[in-house]
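Participant: One file: protein.cif (mmCIF, C-alpha atoms).
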data_structure
loop_
_atom_site.group_PDB
_atom_site.id
_atom_site.type_symbol
_atom_site.label_atom_id
_atom_site.label_comp_id
_atom_site.auth_asym_id
_atom_site.auth_seq_id
_atom_site.Cartn_x
_atom_site.Cartn_y
_atom_site.Cartn_z
ATOM 1 C CA MET U 1 24.229 4.961 -46.123
ATOM 2 C CA PHE U 2 27.622 4.436 -47.787
ATOM 3 C CA TYR U 3 28.758 7.402 -49.889
ATOM 4 C CA SER U 4 31.437 5.893 -52.087
ATOM 5 C CA ASP U 5 33.599 6.738 -55.054
ATOM 6 C CA ARG U 6 32.457 4.311 -57.742
ATOM 7 C CA ALA U 7 35.822 4.653 -59.475
ATOM 8 C CA ASN U 8 37.576 3.336 -56.372
ATOM 9 C CA VAL U 9 39.263 0.059 -57.242
ATOM 10 C CA ASN U 10 37.525 -1.924 -54.473
ATOM 11 C CA ASN U 11 34.218 -0.050 -54.418
ATOM 12 C CA GLN U 12 32.141 -3.195 -54.990
ATOM 13 C CA TYR U 13 33.758 -4.962 -52.060
ATOM 14 C CA LEU U 14 33.351 -1.978 -49.729
ATOM 15 C CA THR U 15 29.723 -1.469 -50.763
ATOM 16 C CA ASN U 16 28.962 -5.057 -49.783
ATOM 17 C CA VAL U 17 30.916 -4.699 -46.537
ATOM 18 C CA PHE U 18 29.024 -1.626 -45.378
ATOM 19 C CA CYS U 19 25.683 -3.078 -46.434
ATOM 20 C CA VAL U 20 26.366 -5.927 -43.994
ATOM 21 C CA ALA U 21 27.614 -3.496 -41.327
ATOM 22 C CA LYS U 22 24.398 -1.453 -41.567
ATOM 23 C CA THR U 23 22.289 -4.600 -41.339
ATOM 24 C CA HIS U 24 24.077 -5.473 -38.103
ATOM 25 C CA GLY U 25 23.750 -2.108 -36.417
ATOM 26 C CA LEU U 26 26.083 0.528 -37.903
ATOM 27 C CA ASN U 27 23.718 3.499 -37.969
ATOM 28 C CA LEU U 28 25.927 6.450 -38.920
ATOM 29 C CA PRO U 29 26.517 7.348 -42.581
ATOM 30 C CA VAL U 30 29.881 6.281 -44.028
ATOM 31 C CA TYR U 31 31.888 8.531 -46.362
ATOM 32 C CA GLN U 32 34.669 7.005 -48.435
ATOM 33 C CA ILE U 33 37.645 9.278 -49.100
ATOM 34 C CA ASN U 34 41.166 8.832 -50.450
ATOM 35 C CA PHE U 35 44.007 9.291 -47.996
ATOM 36 C CA CYS U 36 45.824 12.601 -47.673
ATOM 37 C CA ASN U 37 48.755 12.925 -45.282
ATOM 38 C CA LYS U 38 48.762 15.537 -42.522
ATOM 39 C CA ASN U 39 50.939 17.959 -44.521
ATOM 40 C CA LYS U 40 48.394 18.145 -47.336
ATOM 41 C CA TYR U 41 45.176 17.637 -45.350
ATOM 42 C CA LYS U 42 42.705 20.519 -45.815
ATOM 43 C CA GLY U 43 39.759 19.260 -43.817
ATOM 44 C CA LEU U 44 36.433 17.581 -44.590
ATOM 45 C CA GLY U 45 34.404 20.661 -45.456
ATOM 46 C CA ASP U 46 32.739 18.943 -48.408
ATOM 47 C CA ILE U 47 30.937 16.550 -46.062
ATOM 48 C CA LYS U 48 27.713 18.134 -44.777
ATOM 49 C CA CYS U 49 26.865 15.925 -41.843
ATOM 50 C CA ASP U 50 26.971 16.323 -38.048
ATOM 51 C CA ALA U 51 28.340 12.848 -37.313
ATOM 52 C CA PHE U 52 29.745 10.197 -39.603
ATOM 53 C CA VAL U 53 32.216 7.356 -40.165
ATOM 54 C CA LEU U 54 35.157 7.756 -42.548
ATOM 55 C CA MET U 55 36.308 4.968 -44.855
ATOM 56 C CA ILE U 56 39.882 5.903 -45.850
ATOM 57 C CA CYS U 57 41.376 4.230 -48.926
ATOM 58 C CA GLY U 58 44.691 4.595 -50.743
ATOM 59 C CA ASN U 59 47.214 4.760 -47.895
ATOM 60 C CA GLU U 60 49.758 2.350 -49.404
ATOM 61 C CA ASN U 61 52.561 3.951 -47.385
ATOM 62 C CA HIS U 62 50.889 2.877 -44.121
ATOM 63 C CA GLU U 63 50.942 6.402 -42.675
ATOM 64 C CA SER U 64 48.994 7.735 -39.691
ATOM 65 C CA VAL U 65 45.369 8.841 -40.172
ATOM 66 C CA GLU U 66 45.074 10.457 -36.725
ATOM 67 C CA HIS U 67 44.814 13.957 -38.211
ATOM 68 C CA TYR U 68 41.333 13.140 -39.525
ATOM 69 C CA LEU U 69 40.137 12.921 -35.927
ATOM 70 C CA SER U 70 40.723 16.663 -35.520
ATOM 71 C CA ASP U 71 37.235 16.990 -37.041
ATOM 72 C CA SER U 72 34.897 16.273 -34.118
ATOM 73 C CA ARG U 73 32.222 14.990 -36.496
ATOM 74 C CA VAL U 74 34.353 11.925 -37.269
ATOM 75 C CA LYS U 75 33.140 9.330 -34.778
ATOM 76 C CA MET U 76 35.015 6.353 -36.221
ATOM 77 C CA ILE U 77 37.554 5.610 -38.918
ATOM 78 C CA VAL U 78 37.583 2.458 -41.018
ATOM 79 C CA LYS U 79 40.604 2.160 -43.260
ATOM 80 C CA ASN U 80 42.807 -0.044 -45.373
ATOM 81 C CA TYR U 81 46.504 -0.495 -44.557
ATOM 82 C CA PRO U 82 47.627 -0.709 -40.906
ATOM 83 C CA ARG U 83 49.866 1.993 -39.473
ATOM 84 C CA MET U 84 53.527 0.975 -39.776
ATOM 85 C CA LEU U 85 56.627 3.100 -39.202
ATOM 86 C CA ASN U 86 58.770 3.582 -42.287
ATOM 87 C CA ILE U 87 62.355 3.351 -41.040
ATOM 88 C CA THR U 88 64.004 4.092 -44.391
ATOM 89 C CA ASP U 89 66.515 6.939 -44.042
ATOM 90 C CA GLY U 90 66.695 9.720 -46.591
ATOM 91 C CA ASN U 91 64.394 8.198 -49.202
ATOM 92 C CA GLU U 92 60.770 9.321 -49.243
ATOM 93 C CA THR U 93 59.794 6.733 -51.849
ATOM 94 C CA GLY U 94 61.449 3.787 -50.140
ATOM 95 C CA GLN U 95 59.646 1.658 -47.598
ATOM 96 C CA THR U 96 61.268 -0.429 -44.873
ATOM 97 C CA TYR U 97 59.387 -1.732 -41.847
ATOM 98 C CA GLU U 98 60.553 -3.446 -38.665
ATOM 99 C CA THR U 99 59.618 -7.071 -38.133
ATOM 100 C CA PHE U 100 59.282 -9.555 -35.266
ATOM 101 C CA LEU U 101 58.653 -13.278 -34.877
ATOM 102 C CA ASP U 102 55.157 -14.218 -33.728
ATOM 103 C CA GLN U 103 54.298 -17.153 -31.434
ATOM 104 C CA ASN U 104 54.332 -19.495 -34.431
ATOM 105 C CA GLY U 105 57.809 -18.383 -35.479
ATOM 106 C CA ARG U 106 56.572 -16.401 -38.482
ATOM 107 C CA GLU U 107 58.095 -13.055 -39.331
ATOM 108 C CA LYS U 108 55.592 -10.184 -39.372
ATOM 109 C CA PHE U 109 55.720 -6.426 -39.764
ATOM 110 C CA ILE U 110 55.197 -4.466 -36.549
ATOM 111 C CA VAL U 111 51.918 -2.527 -36.542
ATOM 112 C CA GLU U 112 51.635 0.698 -34.548
ATOM 113 C CA LYS U 113 48.903 1.358 -31.976
ATOM 114 C CA GLU U 114 46.228 3.785 -33.159
ATOM 115 C CA SER U 115 43.297 5.602 -31.556
ATOM 116 C CA ASP U 116 40.633 3.373 -30.083
ATOM 117 C CA ASN U 117 38.037 4.377 -32.697
ATOM 118 C CA ILE U 118 40.171 3.366 -35.702
ATOM 119 C CA ILE U 119 39.863 -0.080 -37.284
ATOM 120 C CA THR U 120 41.839 -1.470 -40.216
ATOM 121 C CA ILE U 121 40.081 -3.876 -42.577
ATOM 122 C CA PRO U 122 41.249 -6.085 -45.486
ATOM 123 C CA LEU U 123 41.684 -4.642 -48.959
ATOM 124 C CA GLY U 124 39.252 -7.178 -50.401
ATOM 125 C CA TYR U 125 38.955 -7.688 -54.134
ATOM 126 C CA CYS U 126 39.075 -5.334 -57.121
ATOM 127 C CA ASN U 127 35.913 -4.428 -58.969
ATOM 128 C CA ASP U 128 34.504 -7.116 -61.289
ATOM 129 C CA PHE U 129 36.774 -9.855 -59.963
ATOM 130 C CA ASN U 130 34.657 -12.960 -60.501
ATOM 131 C CA PRO U 131 36.534 -16.252 -60.014
ATOM 132 C CA VAL U 132 35.360 -19.814 -60.510
ATOM 133 C CA PRO U 133 36.687 -21.558 -57.357
ATOM 134 C CA THR U 134 35.555 -25.007 -58.547
ATOM 135 C CA PHE U 135 37.684 -24.829 -61.715
ATOM 136 C CA ASN U 136 38.835 -28.393 -62.459
ATOM 137 C CA HIS U 137 42.346 -29.564 -63.467
ATOM 138 C CA ARG U 138 44.215 -26.652 -61.933
ATOM 139 C CA GLU U 139 47.776 -25.908 -62.939
ATOM 140 C CA PRO U 140 50.479 -25.812 -60.224
ATOM 141 C CA GLY U 141 50.589 -22.046 -59.838
ATOM 142 C CA GLY U 142 51.847 -18.722 -61.085
ATOM 143 C CA PHE U 143 51.474 -14.976 -61.245
ATOM 144 C CA ILE U 144 49.860 -12.502 -63.624
ATOM 145 C CA GLY U 145 50.525 -8.808 -63.124
ATOM 146 C CA GLN U 146 52.604 -5.753 -63.788
ATOM 147 C CA TRP U 147 56.341 -6.173 -64.306
ATOM 148 C CA THR U 148 58.683 -4.800 -61.665
ATOM 149 C CA GLN U 149 62.364 -5.556 -61.139
ATOM 150 C CA PHE U 150 61.573 -6.854 -57.645
ATOM 151 C CA ARG U 151 59.047 -9.362 -58.964
ATOM 152 C CA ASN U 152 61.304 -10.368 -61.833
ATOM 153 C CA ASP U 153 64.157 -11.125 -59.417
ATOM 154 C CA LYS U 154 61.883 -13.206 -57.175
ATOM 155 C CA ILE U 155 60.632 -15.278 -60.098
ATOM 156 C CA LYS U 156 64.179 -15.957 -61.287
ATOM 157 C CA ALA U 157 65.042 -17.199 -57.787
ATOM 158 C CA ILE U 158 62.028 -19.534 -57.803
ATOM 159 C CA ASP U 159 62.768 -20.912 -61.264
ATOM 160 C CA LYS U 160 66.327 -21.789 -60.229
ATOM 161 C CA ALA U 161 64.888 -24.534 -58.007
ATOM 162 C CA PHE U 162 63.683 -26.486 -61.062
ATOM 163 C CA ASP U 163 65.096 -27.876 -64.274
ATOM 164 C CA ASP U 164 61.739 -27.046 -65.828
ATOM 165 C CA SER U 165 59.597 -24.665 -63.750
ATOM 166 C CA PRO U 166 55.975 -25.803 -63.283
ATOM 167 C CA TYR U 167 54.743 -22.233 -62.830
ATOM 168 C CA ASP U 168 53.204 -19.720 -65.231
ATOM 169 C CA TRP U 169 54.530 -16.157 -65.073
ATOM 170 C CA VAL U 170 52.617 -13.526 -67.042
ATOM 171 C CA PHE U 171 53.956 -9.966 -66.987
ATOM 172 C CA TYR U 172 52.908 -6.781 -68.699
ATOM 173 C CA ARG U 173 54.353 -3.293 -68.477
ATOM 174 C CA GLY U 174 52.468 -0.119 -67.689
ATOM 175 C CA PHE U 175 51.487 2.279 -64.940
ATOM 176 C CA GLY U 176 48.717 1.698 -62.451
ATOM 177 C CA PRO U 177 46.510 -1.333 -61.820
ATOM 178 C CA PHE U 178 46.370 -3.637 -64.822
ATOM 179 C CA VAL U 179 47.296 -0.915 -67.349
ATOM 180 C CA GLN U 180 48.729 -2.040 -70.678
ATOM 181 C CA SER U 181 49.610 -0.139 -73.842
ATOM 182 C CA ASP U 182 48.742 -0.958 -77.435
ATOM 183 C CA VAL U 183 48.032 0.811 -80.719
ATOM 184 C CA ASP U 184 44.690 1.192 -82.471
ATOM 185 C CA SER U 185 43.915 0.893 -86.195
ATOM 186 C CA ASP U 186 45.371 4.376 -86.808
ATOM 187 C CA ASN U 187 48.604 3.408 -85.057
ATOM 188 C CA LYS U 188 47.832 5.680 -82.098
ATOM 189 C CA LYS U 189 48.986 4.570 -78.680
ATOM 190 C CA ILE U 190 46.161 3.595 -76.352
ATOM 191 C CA SER U 191 46.012 2.276 -72.811
ATOM 192 C CA TYR U 192 43.516 -0.191 -71.453
ATOM 193 C CA SER U 193 43.061 -2.515 -68.513
ATOM 194 C CA LEU U 194 43.640 -6.207 -68.176
ATOM 195 C CA LYS U 195 40.139 -7.560 -68.544
ATOM 196 C CA PRO U 196 38.754 -8.796 -65.195
ATOM 197 C CA LYS U 197 37.500 -11.974 -66.887
ATOM 198 C CA ILE U 198 41.032 -12.894 -68.025
ATOM 199 C CA TYR U 199 42.484 -12.187 -64.590
ATOM 200 C CA SER U 200 39.642 -14.041 -62.831
ATOM 201 C CA ASN U 201 40.077 -17.092 -65.037
ATOM 202 C CA PHE U 202 43.845 -17.137 -64.514
ATOM 203 C CA MET U 203 43.429 -17.054 -60.732
ATOM 204 C CA SER U 204 40.766 -19.757 -60.953
ATOM 205 C CA ARG U 205 42.941 -22.245 -62.818
ATOM 206 C CA ILE U 206 46.048 -22.169 -60.619
ATOM 207 C CA GLU U 207 46.557 -24.009 -57.339
ATOM 208 C CA SER U 208 49.171 -21.722 -55.799
ATOM 209 C CA ALA U 209 49.034 -17.951 -56.191
ATOM 210 C CA PHE U 210 52.294 -16.075 -55.711
ATOM 211 C CA VAL U 211 51.549 -12.792 -53.981
ATOM 212 C CA PHE U 212 54.529 -10.489 -54.484
ATOM 213 C CA SER U 213 54.608 -7.185 -52.656
ATOM 214 C CA GLY U 214 53.925 -4.044 -54.643
ATOM 215 C CA GLN U 215 54.162 -0.535 -53.226
ATOM 216 C CA SER U 216 52.847 -2.048 -49.991
ATOM 217 C CA PRO U 217 53.334 -5.522 -48.479
ATOM 218 C CA GLU U 218 49.536 -5.813 -48.748
ATOM 219 C CA THR U 219 47.913 -6.488 -52.112
ATOM 220 C CA TYR U 220 44.429 -7.137 -53.453
ATOM 221 C CA ARG U 221 45.859 -10.264 -55.055
ATOM 222 C CA LEU U 222 46.121 -12.008 -51.692
ATOM 223 C CA PHE U 223 42.403 -11.700 -51.033
ATOM 224 C CA GLU U 224 41.510 -12.469 -54.636
ATOM 225 C CA ALA U 225 43.639 -15.619 -54.438
ATOM 226 C CA ALA U 226 41.782 -16.765 -51.333
ATOM 227 C CA MET U 227 38.433 -15.982 -52.942
ATOM 228 C CA ALA U 228 39.471 -18.015 -56.002
ATOM 229 C CA GLY U 229 40.384 -21.054 -53.889
ATOM 230 C CA CYS U 230 44.163 -20.776 -54.270
ATOM 231 C CA ILE U 231 46.985 -21.550 -51.889
ATOM 232 C CA ILE U 232 48.662 -18.248 -50.981
ATOM 233 C CA VAL U 233 52.460 -18.018 -51.240
ATOM 234 C CA HIS U 234 53.753 -14.818 -49.639
ATOM 235 C CA ASP U 235 56.748 -13.535 -47.711
ATOM 236 C CA ILE U 236 56.077 -11.072 -44.825
ATOM 237 C CA LEU U 237 52.710 -9.585 -43.826
ATOM 238 C CA PRO U 238 51.610 -7.015 -41.206
ATOM 239 C CA ASP U 239 50.556 -8.164 -37.746
ATOM 240 C CA THR U 240 46.791 -7.578 -38.084
ATOM 241 C CA TRP U 241 43.648 -9.338 -36.872
ATOM 242 C CA TYR U 242 42.701 -10.519 -40.351
ATOM 243 C CA TYR U 243 46.054 -12.176 -41.101
ATOM 244 C CA ASN U 244 46.465 -13.984 -37.757
ATOM 245 C CA ASP U 245 44.821 -17.213 -38.965
ATOM 246 C CA LEU U 246 45.778 -16.960 -42.635
ATOM 247 C CA PRO U 247 47.281 -20.334 -43.717
ATOM 248 C CA TYR U 248 49.696 -18.776 -46.194
ATOM 249 C CA VAL U 249 52.979 -20.398 -47.161
ATOM 250 C CA PRO U 250 56.031 -18.204 -46.404
ATOM 251 C CA CYS U 251 58.195 -17.991 -49.510
ATOM 252 C CA ASP U 252 61.853 -18.880 -48.955
ATOM 253 C CA PHE U 253 63.290 -17.643 -52.233
ATOM 254 C CA ASP U 254 66.744 -19.037 -51.448
ATOM 255 C CA ASN U 255 65.428 -22.550 -50.827
ATOM 256 C CA PHE U 256 62.238 -22.713 -52.817
ATOM 257 C CA LYS U 257 62.318 -26.458 -53.475
ATOM 258 C CA SER U 258 61.456 -27.045 -49.813
ATOM 259 C CA VAL U 259 58.505 -24.652 -50.191
ATOM 260 C CA TYR U 260 57.328 -26.550 -53.259
ATOM 261 C CA ASP U 261 57.592 -29.903 -51.454
ATOM 262 C CA TYR U 262 55.622 -28.532 -48.493
ATOM 263 C CA ILE U 263 52.846 -27.278 -50.779
ATOM 264 C CA GLU U 264 52.630 -30.596 -52.607
ATOM 265 C CA THR U 265 52.389 -32.495 -49.318
ATOM 266 C CA HIS U 266 49.766 -30.236 -47.711
ATOM 267 C CA LYS U 267 47.930 -28.668 -50.666
ATOM 268 C CA HIS U 268 44.499 -30.150 -49.937
ATOM 269 C CA ASP U 269 44.530 -28.921 -46.341
ATOM 270 C CA LEU U 270 45.968 -25.545 -47.353
ATOM 271 C CA LYS U 271 43.210 -24.933 -49.901
ATOM 272 C CA SER U 272 40.510 -25.949 -47.439
ATOM 273 C CA LEU U 273 41.913 -23.788 -44.623
ATOM 274 C CA THR U 274 42.335 -20.804 -46.941
ATOM 275 C CA GLY U 275 38.674 -21.022 -47.949
ATOM 276 C CA ILE U 276 37.643 -21.122 -44.296
ATOM 277 C CA TRP U 277 39.874 -18.107 -43.576
ATOM 278 C CA TRP U 278 38.263 -16.137 -46.412
ATOM 279 C CA GLN U 279 34.785 -16.819 -45.085
ATOM 280 C CA ASN U 280 35.664 -16.000 -41.461
ATOM 281 C CA PHE U 281 38.017 -13.040 -41.817
ATOM 282 C CA ALA U 282 37.956 -11.416 -45.265
ATOM 283 C CA SER U 283 34.573 -11.923 -46.933
ATOM 284 C CA PRO U 284 32.193 -8.924 -46.994
ATOM 285 C CA VAL U 285 29.946 -10.712 -44.483
ATOM 286 C CA ALA U 286 32.797 -11.314 -42.027
ATOM 287 C CA VAL U 287 34.246 -7.803 -42.358
ATOM 288 C CA GLY U 288 30.835 -6.100 -42.234
ATOM 289 C CA ASN U 289 30.070 -7.941 -38.998
ATOM 290 C CA LYS U 290 33.478 -7.008 -37.599
ATOM 291 C CA ILE U 291 32.877 -3.306 -38.310
ATOM 292 C CA ALA U 292 29.417 -3.384 -36.709
ATOM 293 C CA GLN U 293 30.771 -5.093 -33.590
ATOM 294 C CA PHE U 294 33.677 -2.635 -33.413
ATOM 295 C CA ALA U 295 31.296 0.334 -33.724
ATOM 296 C CA LYS U 296 29.255 -0.934 -30.790
ATOM 297 C CA SER U 297 32.397 -1.446 -28.704
ATOM 298 C CA VAL U 298 33.459 2.206 -29.155
ATOM 299 C CA GLY U 299 29.966 3.594 -28.652
ATOM 300 C CA VAL U 300 29.165 4.488 -32.265
#
As structure tokens, what does this structure read like?
Facilitator:
Amino acid sequence: MFYSDRANVNNQYLTNVFCVAKTHGLNLPVYQINFCNKNKYKGLGDIKCDAFVLMICGNENHESVEHYLSDSRVKMIVKNYPRMLNITDGNETGQTYETFLDQNGREKFIVEKESDNIITIPLGYCNDFNPVPTFNHREPGGFIGQWTQFRNDKIKAIDKAFDDSPYDWVFYRGFGPFVQSDVDSDNKKISYSLKPKIYSNFMSRIESAFVFSGQSPETYRLFEAAMAGCIIVHDILPDTWYYNDLPYVPCDFDNFKSVYDYIETHKHDLKSLTGIWWQNFASPVAVGNKIAQFAKSVGV
């Protein structure tokens, strides 16, 4: 049984994941909670169960979850966001992580070792994301999302590589996922979300999806792009099991024309390999199987 928060942004994905995990042998109940760091943690007294698995969401700062294991009833932790050490000095809101070059020469963020009964899984997709991967006549690429100065600067660097940029950039301002502001008929300010259908259609009609970092280097957009059949253009990602075979294109913002030429030359292979990666490493079936296998390996 998966006890979830239906308001959680990726609840639909997680529900499917744990349905698969149960089918393949995960027998303990799973309780989804939102992350709380060790200074604010007050225990799991609301959970009335002798043994269970925790699904921890909302740890965008990549902090440790080891304090949850102080409750002996927690037999395994499944979570989003790998543990990474923030090396920023004197700024609690800033995030800086150490990197290394992997065997393929790609720069990755260093991930810290955690307890043997903790597994990190992909973010998956947001609720009601419903792409059409076979969308014909795709446009070269682009981005739709909330405006930040960081993203704005990256887009300006990309556009400098062209006399006339082939990409579509769609920004809105607001706080939180997909939040926009408007006024109703009485001229009162209202907030509402970017409709999933609009977002799904946008992702379905572009060939290359630019995945800019938000609060974390990891974003739902990466997995949604793969699900929609896009080529993923990203910069640096954590060193995790689910990214190891991801055929993403590293984004050299200072020399983007070479990135564009590479995509144009290899786009058919990149799209095909990205679809295979989604099926094998990020789909609910793949992740549910991974969790069930992991549970067996740690005796859960």
Participant: List the residues matched by the PyMOL selection byres ((chain U and resi 244) around 12) in the displayed structure as a PDB file with C-alpha atoms, keeping the file's coordinate frame, ordered by chain and then by residue number.
Facilitator:
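To be explicit, this is the file written out as selection.pdb:
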ATOM      1  CA  ASP U 102      55.157 -14.218 -33.728  1.00  0.00           C
ATOM      2  CA  GLN U 103      54.298 -17.153 -31.434  1.00  0.00           C
ATOM      3  CA  ASN U 104      54.332 -19.495 -34.431  1.00  0.00           C
ATOM      4  CA  ARG U 106      56.572 -16.401 -38.482  1.00  0.00           C
ATOM      5  CA  GLU U 107      58.095 -13.055 -39.331  1.00  0.00           C
ATOM      6  CA  LYS U 108      55.592 -10.184 -39.372  1.00  0.00           C
ATOM      7  CA  LEU U 237      52.710  -9.585 -43.826  1.00  0.00           C
ATOM      8  CA  PRO U 238      51.610  -7.015 -41.206  1.00  0.00           C
ATOM      9  CA  ASP U 239      50.556  -8.164 -37.746  1.00  0.00           C
ATOM     10  CA  THR U 240      46.791  -7.578 -38.084  1.00  0.00           C
ATOM     11  CA  TRP U 241      43.648  -9.338 -36.872  1.00  0.00           C
ATOM     12  CA  TYR U 242      42.701 -10.519 -40.351  1.00  0.00           C
ATOM     13  CA  TYR U 243      46.054 -12.176 -41.101  1.00  0.00           C
ATOM     14  CA  ASP U 245      44.821 -17.213 -38.965  1.00  0.00           C
ATOM     15  CA  LEU U 246      45.778 -16.960 -42.635  1.00  0.00           C
ATOM     16  CA  PRO U 247      47.281 -20.334 -43.717  1.00  0.00           C
ATOM     17  CA  TYR U 248      49.696 -18.776 -46.194  1.00  0.00           C
ATOM     18  CA  TRP U 277      39.874 -18.107 -43.576  1.00  0.00           C
ATOM     19  CA  ASN U 280      35.664 -16.000 -41.461  1.00  0.00           C
ATOM     20  CA  PHE U 281      38.017 -13.040 -41.817  1.00  0.00           C
ATOM     21  CA  ALA U 282      37.956 -11.416 -45.265  1.00  0.00           C
TER      22      ALA U 282
END
Participant: Using all atoms listed in the file, find each residue in range 201-271 of chain U having at least one atom no more than 9 Å away from range 121-140 of chain U; report its shortest atom-to-atom pair and that distance in Å (one decimal), rows by chain then rising number, as a Markdown table.
Facilitator:
| residue | atom | partner | partner_atom | distance |
| --- | --- | --- | --- | --- |
| U:Asn201 | CA | U:Pro131 | CA | 6.2 |
| U:Phe202 | CA | U:Pro131 | CA | 8.6 |
| U:Met203 | CA | U:Pro131 | CA | 7.0 |
| U:Ser204 | CA | U:Val132 | CA | 5.4 |
| U:Arg205 | CA | U:Arg138 | CA | 4.7 |
| U:Ile206 | CA | U:Glu139 | CA | 4.7 |
| U:Glu207 | CA | U:Pro140 | CA | 5.2 |
| U:Ser208 | CA | U:Pro140 | CA | 6.2 |
| U:Ala209 | CA | U:Pro140 | CA | 9.0 |
| U:Glu218 | CA | U:Leu123 | CA | 7.9 |
| U:Thr219 | CA | U:Leu123 | CA | 7.2 |
| U:Tyr220 | CA | U:Tyr125 | CA | 5.5 |
| U:Arg221 | CA | U:Tyr125 | CA | 7.4 |
| U:Leu222 | CA | U:Gly124 | CA | 8.5 |
| U:Phe223 | CA | U:Gly124 | CA | 5.5 |
| U:Glu224 | CA | U:Tyr125 | CA | 5.4 |
| U:Met227 | CA | U:Pro133 | CA | 7.3 |
| U:Ala228 | CA | U:Pro133 | CA | 4.7 |
| U:Gly229 | CA | U:Pro133 | CA | 5.1 |
| U:Cys230 | CA | U:Pro133 | CA | 8.1 |
| U:Thr240 | CA | U:Ile121 | CA | 8.9 |
| U:Trp241 | CA | U:Ile121 | CA | 8.7 |
| U:Tyr242 | CA | U:Pro122 | CA | 6.9 |
| U:Tyr243 | CA | U:Pro122 | CA | 8.9 |
Participant: Please evaluate the PyMOL selection byres ((chain U and resi 74) around 8) against the displayed coordinates and give the resulting residues as a list of chain:residue names.
Facilitator: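 Evaluating the PyMOL selection byres ((chain U and resi 74) around 8) on this file yields U:Ala51, U:Phe52, U:Val53, U:Leu54, U:Tyr68, U:Leu69, U:Asp71, U:Ser72, U:Arg73, U:Lys75, U:Met76, U:Ile77.
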Participant: Just write the chosen residues, C-alpha atoms, as a PDB file, in the coordinates of the input.
Facilitator:
ATOM      1  CA  ALA U  51      28.340  12.848 -37.313  1.00  0.00           C
ATOM      2  CA  PHE U  52      29.745  10.197 -39.603  1.00  0.00           C
ATOM      3  CA  VAL U  53      32.216   7.356 -40.165  1.00  0.00           C
ATOM      4  CA  LEU U  54      35.157   7.756 -42.548  1.00  0.00           C
ATOM      5  CA  TYR U  68      41.333  13.140 -39.525  1.00  0.00           C
ATOM      6  CA  LEU U  69      40.137  12.921 -35.927  1.00  0.00           C
ATOM      7  CA  ASP U  71      37.235  16.990 -37.041  1.00  0.00           C
ATOM      8  CA  SER U  72      34.897  16.273 -34.118  1.00  0.00           C
ATOM      9  CA  ARG U  73      32.222  14.990 -36.496  1.00  0.00           C
ATOM     10  CA  LYS U  75      33.140   9.330 -34.778  1.00  0.00           C
ATOM     11  CA  MET U  76      35.015   6.353 -36.221  1.00  0.00           C
ATOM     12  CA  ILE U  77      37.554   5.610 -38.918  1.00  0.00           C
TER      13      ILE U  77
END
Participant: Let me know the residues the PyMOL selection byres ((chain U and resi 293-299) around 9) catches in the file above, as a list in words.
Facilitator: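 Applied to this file, the PyMOL selection byres ((chain U and resi 293-299) around 9) returns Ala21, His24, Gly25, Leu26, Lys75, Met76, Asp116, Asn117, Ile119, Gly288, Asn289, Lys290, Ile291, Ala292 and Val300 of chain U.
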Participant: Tell me, in Å to one decimal, how far CA of Phe171 in chain U is from CA of Cys251 in chain U.
Facilitator: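 Straight-line distance from CA of Phe171 in chain U to CA of Cys251 in chain U works out to 19.7 Å.
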Participant: Mind pulling up the distance from CA of Val111 in chain U to CA of Lys154 in chain U?
Facilitator: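 Going from CA of Lys154 in chain U over to CA of Val111 in chain U covers 25.3 Å.
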Participant: Interatomic distance between CA of Val211 in chain U and CA of Ile232 in chain U?
Facilitator: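 Rounded to one decimal, the two atoms are 6.9 Å apart.
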Participant: Which of these, U:Asn86, U:Ser258, U:Ser64, U:Asn37, has the shortest distance to Lys113 in chain U once you count only C-alpha atoms?
Facilitator: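 Comparing U:Asn86, U:Ser258, U:Ser64, U:Asn37 against Lys113 in chain U, the winner is U:Ser64.
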Participant: First collect every listed atom of range 7-23 of chain U; then fit an axis-aligned box around them, widen it by 8 Å on each side, and give centre and edge lengths in Å to one decimal, as JSON.
Facilitator:
{"center_x": 30.8, "center_y": -0.6, "center_z": -50.4, "size_x": 33.0, "size_y": 26.6, "size_z": 34.1}
Participant: So, counting all atoms listed in the file, which residue among U:Ile110, U:Ile155, U:Leu101, U:Val170 is closest to Met84 in chain U?
Facilitator: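 With all atoms listed in the file as the atom set, the closest residue is U:Ile110.
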Participant: Using only C-alpha atoms, which residue out of U:Trp278, U:Lys79, U:Val17, U:Phe210 lies closest to Val249 in chain U?
Facilitator: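 Going through U:Trp278, U:Lys79, U:Val17, U:Phe210 one by one, the smallest distance to Val249 in chain U is for U:Phe210.
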Participant: Go through U:Thr96, U:Ser272, U:Gln279, U:Gln32 one by one, measure the shortest atom-to-atom distance of each to Asp5 in chain U using only C-alpha atoms, and give the residue with the smallest value.
Facilitator: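 Counting only C-alpha atoms, the residue closest to Asp5 in chain U is U:Gln32.
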